[in-house]
>>> print(open('target_10.txt').read())   # compact mmCIF, C-alpha atoms
# COMPACT_ATOMS: atom_id res chain seq x y z
CA MET V 1 93.62 102.74 96.20
CA ASN V 2 96.81 102.48 98.27
CA ILE V 3 100.41 103.24 97.42
CA LEU V 4 102.75 100.38 98.33
CA ILE V 5 106.40 101.31 98.73
CA ASP V 6 109.10 98.64 98.78
CA ALA V 7 111.16 100.91 100.99
CA ASP V 8 114.25 98.71 101.26
CA GLY V 9 115.51 100.13 97.97
CA CYS V 10 113.33 103.16 97.31
CA PRO V 11 115.12 106.54 97.24
CA VAL V 12 111.89 108.58 97.09
CA VAL V 13 109.93 107.47 100.17
CA ASP V 14 109.58 111.00 101.56
CA LEU V 15 108.64 112.51 98.19
CA THR V 16 106.02 109.81 97.67
CA LEU V 17 104.55 110.51 101.11
CA GLN V 18 104.30 114.23 100.35
CA ILE V 19 102.45 113.61 97.08
CA ALA V 20 100.19 110.95 98.62
CA LYS V 21 99.24 113.32 101.43
CA ARG V 22 98.30 116.02 98.91
CA PHE V 23 95.88 113.61 97.19
CA CYS V 24 94.74 111.82 100.38
CA VAL V 25 96.01 108.44 99.23
CA PRO V 26 97.01 105.97 101.98
CA VAL V 27 100.60 104.72 101.93
CA ILE V 28 101.89 101.36 103.12
CA ILE V 29 105.65 101.02 103.53
CA LEU V 30 107.02 97.50 103.11
CA CYS V 31 110.44 96.62 104.45
CA ASP V 32 112.38 93.75 105.95
CA THR V 33 113.68 93.39 109.48
CA SER V 34 117.10 94.78 108.57
CA HIS V 35 115.61 98.05 107.23
CA GLN V 36 112.76 99.04 109.52
CA ILE V 37 111.55 102.28 107.96
CA GLU V 38 108.75 104.20 109.62
CA ARG V 39 107.34 107.56 108.58
CA GLU V 40 104.53 109.69 109.92
CA GLY V 41 101.44 109.38 107.75
CA ALA V 42 102.18 105.83 106.58
CA GLN V 43 101.56 102.33 107.82
CA THR V 44 104.67 100.14 107.92
CA LEU V 45 104.63 96.38 107.39
CA VAL V 46 107.85 94.60 108.33
CA PHE V 47 108.65 91.19 106.85
CA ASP V 48 111.14 88.73 108.27
CA ILE V 49 114.09 88.65 105.86
CA ASN V 50 114.66 84.97 106.67
CA GLU V 51 111.14 83.90 105.69
CA ALA V 52 110.39 82.83 102.14
CA GLY V 53 108.22 85.37 100.38
CA SER V 54 109.44 88.45 102.20
CA GLY V 55 109.35 91.93 100.71
CA MET V 56 107.13 92.70 97.73
CA ALA V 57 106.37 89.02 97.13
CA GLY V 58 105.11 88.76 100.69
CA ALA V 59 103.00 91.86 100.24
CA GLN V 60 101.41 90.45 97.11
CA HIS V 61 100.52 87.33 99.04
CA LEU V 62 99.11 89.43 101.88
CA PHE V 63 96.91 91.61 99.66
CA TYR V 64 95.77 89.06 97.11
CA HIS V 65 95.18 86.03 99.36
CA ARG V 66 92.98 87.34 102.13
>>> encode(input="target_10.txt", output="structure tokens")
Amino acid sequence: MNILIDADGCPVVDLTLQIAKRFCVPVIILCDTSHQIEREGAQTLVFDINEAGSGMAGAQHLFYHR
């Protein structure tokens, strides 16, 4: 199990990371090129805002079509 955070509009990124760390659940932060958000203890995937399918839609494609 992973926690996916659409961090472009998520006000609780840090809180989510604290809880995930407590339960040893990996976190993947998803954001676009205008909001590059990186936090210790999480992997960040940055999507080009100009490409079709960026953000959560792009993440769904990434995780379900590999």
>>> closest_residue(input="target_10.txt", among="V:Asn2, V:Ala7, V:Gly41, V:Asp48", to="Ile29 (chain V)", atoms="all atoms listed in the file")
V:Ala7
>>> closest_residue(input="target_10.txt", among="V:Ala20, V:Leu15, V:Cys10, V:Leu4", to="His35 (chain V)", atoms="all atoms listed in the file")
V:Cys10
>>> residues_around(input="target_10.txt", residues="Glu40 (chain V)", least_positions_apart="2", cutoff="10 Å", atoms="all atoms listed in the file", output="PyMOL selection string")
chain V and resi 14+17+38+42-44
>>> write_last_selection(input="target_10.txt", atoms="C-alpha atoms", output="short mmCIF file (atom, residue, chain, number, x, y, z; two decimals), in the coordinates of the input")
data_model
loop_
_atom_site.label_atom_id
_atom_site.label_comp_id
_atom_site.auth_asym_id
_atom_site.auth_seq_id
_atom_site.Cartn_x
_atom_site.Cartn_y
_atom_site.Cartn_z
CA ASP V 14 109.58 111.00 101.56
CA LEU V 17 104.55 110.51 101.11
CA GLU V 38 108.75 104.20 109.62
CA ALA V 42 102.18 105.83 106.58
CA GLN V 43 101.56 102.33 107.82
CA THR V 44 104.67 100.14 107.92
#
>>> axis_aligned_box(input="target_10.txt", around="region 6-13 of chain V", padding_each_side="6 Å", output="JSON")
{"center_x": 112.3, "center_y": 103.6, "center_z": 99.2, "size_x": 18.4, "size_y": 21.9, "size_z": 16.2}
>>> atom_distance(input="target_10.txt", atom1="CA of Thr16 (chain V)", atom2="CA of Asn50 (chain V)")
27.8 Å
>>> residues_around(input="target_10.txt", residues="Met1 (chain V)", least_positions_apart="5", cutoff="12 Å", atoms="only C-alpha atoms", output="CSV table (one decimal) with C-alpha atoms, keeping the file's coordinate frame")
chain,number,residue,atom,x,y,z
V,20,ALA,CA,100.2,111.0,98.6
V,23,PHE,CA,95.9,113.6,97.2
V,24,CYS,CA,94.7,111.8,100.4
V,25,VAL,CA,96.0,108.4,99.2
V,26,PRO,CA,97.0,106.0,102.0
V,27,VAL,CA,100.6,104.7,101.9
V,28,ILE,CA,101.9,101.4,103.1
>>> residues_around(input="target_10.txt", residues="Leu45 (chain V)", least_positions_apart="6", cutoff="9 Å", atoms="all atoms listed in the file", output="ChimeraX atom specification")
/V:28-32,36,59
>>> build_atoms(input="target_10.txt", residues="region 32-43 of chain V", atoms="all heavy atoms", output="PDB file, in the coordinates of the input")
ATOM      1  N   ASP V  32     112.010  94.951 105.213  1.00  0.00           N
ATOM      2  CA  ASP V  32     112.380  93.750 105.950  1.00  0.00           C
ATOM      3  C   ASP V  32     112.954  94.137 107.310  1.00  0.00           C
ATOM      4  O   ASP V  32     113.117  95.316 107.616  1.00  0.00           O
ATOM      5  CB  ASP V  32     113.325  92.866 105.137  1.00  0.00           C
ATOM      6  CG  ASP V  32     114.640  93.543 104.817  1.00  0.00           C
ATOM      7  OD1 ASP V  32     115.205  94.211 105.708  1.00  0.00           O
ATOM      8  OD2 ASP V  32     115.115  93.389 103.680  1.00  0.00           O
ATOM      9  N   THR V  33     113.256  93.136 108.111  1.00  0.00           N
ATOM     10  CA  THR V  33     113.680  93.390 109.480  1.00  0.00           C
ATOM     11  C   THR V  33     115.027  94.096 109.577  1.00  0.00           C
ATOM     12  O   THR V  33     115.331  94.687 110.606  1.00  0.00           O
ATOM     13  CB  THR V  33     113.749  92.069 110.277  1.00  0.00           C
ATOM     14  OG1 THR V  33     114.565  91.138 109.558  1.00  0.00           O
ATOM     15  CG2 THR V  33     112.368  91.482 110.486  1.00  0.00           C
ATOM     16  N   SER V  34     115.814  94.088 108.528  1.00  0.00           N
ATOM     17  CA  SER V  34     117.100  94.780 108.570  1.00  0.00           C
ATOM     18  C   SER V  34     116.990  96.242 108.155  1.00  0.00           C
ATOM     19  O   SER V  34     117.963  96.987 108.252  1.00  0.00           O
ATOM     20  CB  SER V  34     118.128  94.056 107.703  1.00  0.00           C
ATOM     21  OG  SER V  34     117.740  94.083 106.351  1.00  0.00           O
ATOM     22  N   HIS V  35     115.831  96.664 107.654  1.00  0.00           N
ATOM     23  CA  HIS V  35     115.610  98.050 107.230  1.00  0.00           C
ATOM     24  C   HIS V  35     114.267  98.544 107.730  1.00  0.00           C
ATOM     25  O   HIS V  35     113.394  98.849 106.943  1.00  0.00           O
ATOM     26  CB  HIS V  35     115.614  98.167 105.701  1.00  0.00           C
ATOM     27  CG  HIS V  35     116.870  97.730 105.065  1.00  0.00           C
ATOM     28  ND1 HIS V  35     117.013  96.498 104.474  1.00  0.00           N
ATOM     29  CD2 HIS V  35     118.060  98.362 104.899  1.00  0.00           C
ATOM     30  CE1 HIS V  35     118.224  96.391 103.983  1.00  0.00           C
ATOM     31  NE2 HIS V  35     118.880  97.509 104.229  1.00  0.00           N
ATOM     32  N   GLN V  36     114.056  98.610 109.014  1.00  0.00           N
ATOM     33  CA  GLN V  36     112.760  99.040 109.520  1.00  0.00           C
ATOM     34  C   GLN V  36     112.603 100.542 109.303  1.00  0.00           C
ATOM     35  O   GLN V  36     113.287 101.334 109.940  1.00  0.00           O
ATOM     36  CB  GLN V  36     112.603  98.655 110.982  1.00  0.00           C
ATOM     37  CG  GLN V  36     112.508  97.143 111.135  1.00  0.00           C
ATOM     38  CD  GLN V  36     112.114  96.725 112.528  1.00  0.00           C
ATOM     39  OE1 GLN V  36     111.493  97.470 113.249  1.00  0.00           O
ATOM     40  NE2 GLN V  36     112.483  95.518 112.894  1.00  0.00           N
ATOM     41  N   ILE V  37     111.739 100.899 108.378  1.00  0.00           N
ATOM     42  CA  ILE V  37     111.550 102.280 107.960  1.00  0.00           C
ATOM     43  C   ILE V  37     110.142 102.713 108.350  1.00  0.00           C
ATOM     44  O   ILE V  37     109.170 102.140 107.875  1.00  0.00           O
ATOM     45  CB  ILE V  37     111.751 102.416 106.438  1.00  0.00           C
ATOM     46  CG1 ILE V  37     113.163 101.974 106.076  1.00  0.00           C
ATOM     47  CG2 ILE V  37     111.468 103.834 105.982  1.00  0.00           C
ATOM     48  CD1 ILE V  37     113.373 101.776 104.600  1.00  0.00           C
ATOM     49  N   GLU V  38     110.054 103.689 109.210  1.00  0.00           N
ATOM     50  CA  GLU V  38     108.750 104.200 109.620  1.00  0.00           C
ATOM     51  C   GLU V  38     108.690 105.689 109.360  1.00  0.00           C
ATOM     52  O   GLU V  38     109.663 106.412 109.579  1.00  0.00           O
ATOM     53  CB  GLU V  38     108.500 103.898 111.100  1.00  0.00           C
ATOM     54  CG  GLU V  38     108.474 102.397 111.362  1.00  0.00           C
ATOM     55  CD  GLU V  38     107.802 102.040 112.660  1.00  0.00           C
ATOM     56  OE1 GLU V  38     107.003 102.850 113.161  1.00  0.00           O
ATOM     57  OE2 GLU V  38     108.064 100.947 113.154  1.00  0.00           O
ATOM     58  N   ARG V  39     107.550 106.135 108.850  1.00  0.00           N
ATOM     59  CA  ARG V  39     107.340 107.560 108.580  1.00  0.00           C
ATOM     60  C   ARG V  39     105.945 107.950 109.056  1.00  0.00           C
ATOM     61  O   ARG V  39     105.004 107.151 108.990  1.00  0.00           O
ATOM     62  CB  ARG V  39     107.418 107.858 107.080  1.00  0.00           C
ATOM     63  CG  ARG V  39     108.757 107.614 106.432  1.00  0.00           C
ATOM     64  CD  ARG V  39     109.767 108.671 106.850  1.00  0.00           C
ATOM     65  NE  ARG V  39     110.969 108.648 106.037  1.00  0.00           N
ATOM     66  CZ  ARG V  39     111.961 107.786 106.172  1.00  0.00           C
ATOM     67  NH1 ARG V  39     111.907 106.858 107.104  1.00  0.00           N
ATOM     68  NH2 ARG V  39     113.016 107.847 105.385  1.00  0.00           N
ATOM     69  N   GLU V  40     105.821 109.169 109.527  1.00  0.00           N
ATOM     70  CA  GLU V  40     104.530 109.690 109.920  1.00  0.00           C
ATOM     71  C   GLU V  40     103.632 109.749 108.685  1.00  0.00           C
ATOM     72  O   GLU V  40     104.059 110.131 107.603  1.00  0.00           O
ATOM     73  CB  GLU V  40     104.684 111.098 110.501  1.00  0.00           C
ATOM     74  CG  GLU V  40     103.402 111.670 111.038  1.00  0.00           C
ATOM     75  CD  GLU V  40     103.605 113.038 111.670  1.00  0.00           C
ATOM     76  OE1 GLU V  40     104.703 113.299 112.196  1.00  0.00           O
ATOM     77  OE2 GLU V  40     102.658 113.834 111.620  1.00  0.00           O
ATOM     78  N   GLY V  41     102.385 109.341 108.851  1.00  0.00           N
ATOM     79  CA  GLY V  41     101.440 109.380 107.750  1.00  0.00           C
ATOM     80  C   GLY V  41     101.421 108.127 106.898  1.00  0.00           C
ATOM     81  O   GLY V  41     100.759 108.082 105.863  1.00  0.00           O
ATOM     82  N   ALA V  42     102.158 107.090 107.333  1.00  0.00           N
ATOM     83  CA  ALA V  42     102.180 105.830 106.580  1.00  0.00           C
ATOM     84  C   ALA V  42     102.126 104.657 107.542  1.00  0.00           C
ATOM     85  O   ALA V  42     102.603 104.736 108.668  1.00  0.00           O
ATOM     86  CB  ALA V  42     103.432 105.729 105.718  1.00  0.00           C
ATOM     87  N   GLN V  43     101.550 103.586 107.063  1.00  0.00           N
ATOM     88  CA  GLN V  43     101.560 102.330 107.820  1.00  0.00           C
ATOM     89  C   GLN V  43     102.774 101.548 107.347  1.00  0.00           C
ATOM     90  O   GLN V  43     103.071 101.520 106.154  1.00  0.00           O
ATOM     91  CB  GLN V  43     100.285 101.538 107.527  1.00  0.00           C
ATOM     92  CG  GLN V  43     100.246 100.190 108.188  1.00  0.00           C
ATOM     93  CD  GLN V  43      99.016  99.382 107.796  1.00  0.00           C
ATOM     94  OE1 GLN V  43      98.215  99.811 106.983  1.00  0.00           O
ATOM     95  NE2 GLN V  43      98.885  98.213 108.367  1.00  0.00           N
TER      96      GLN V  43
END
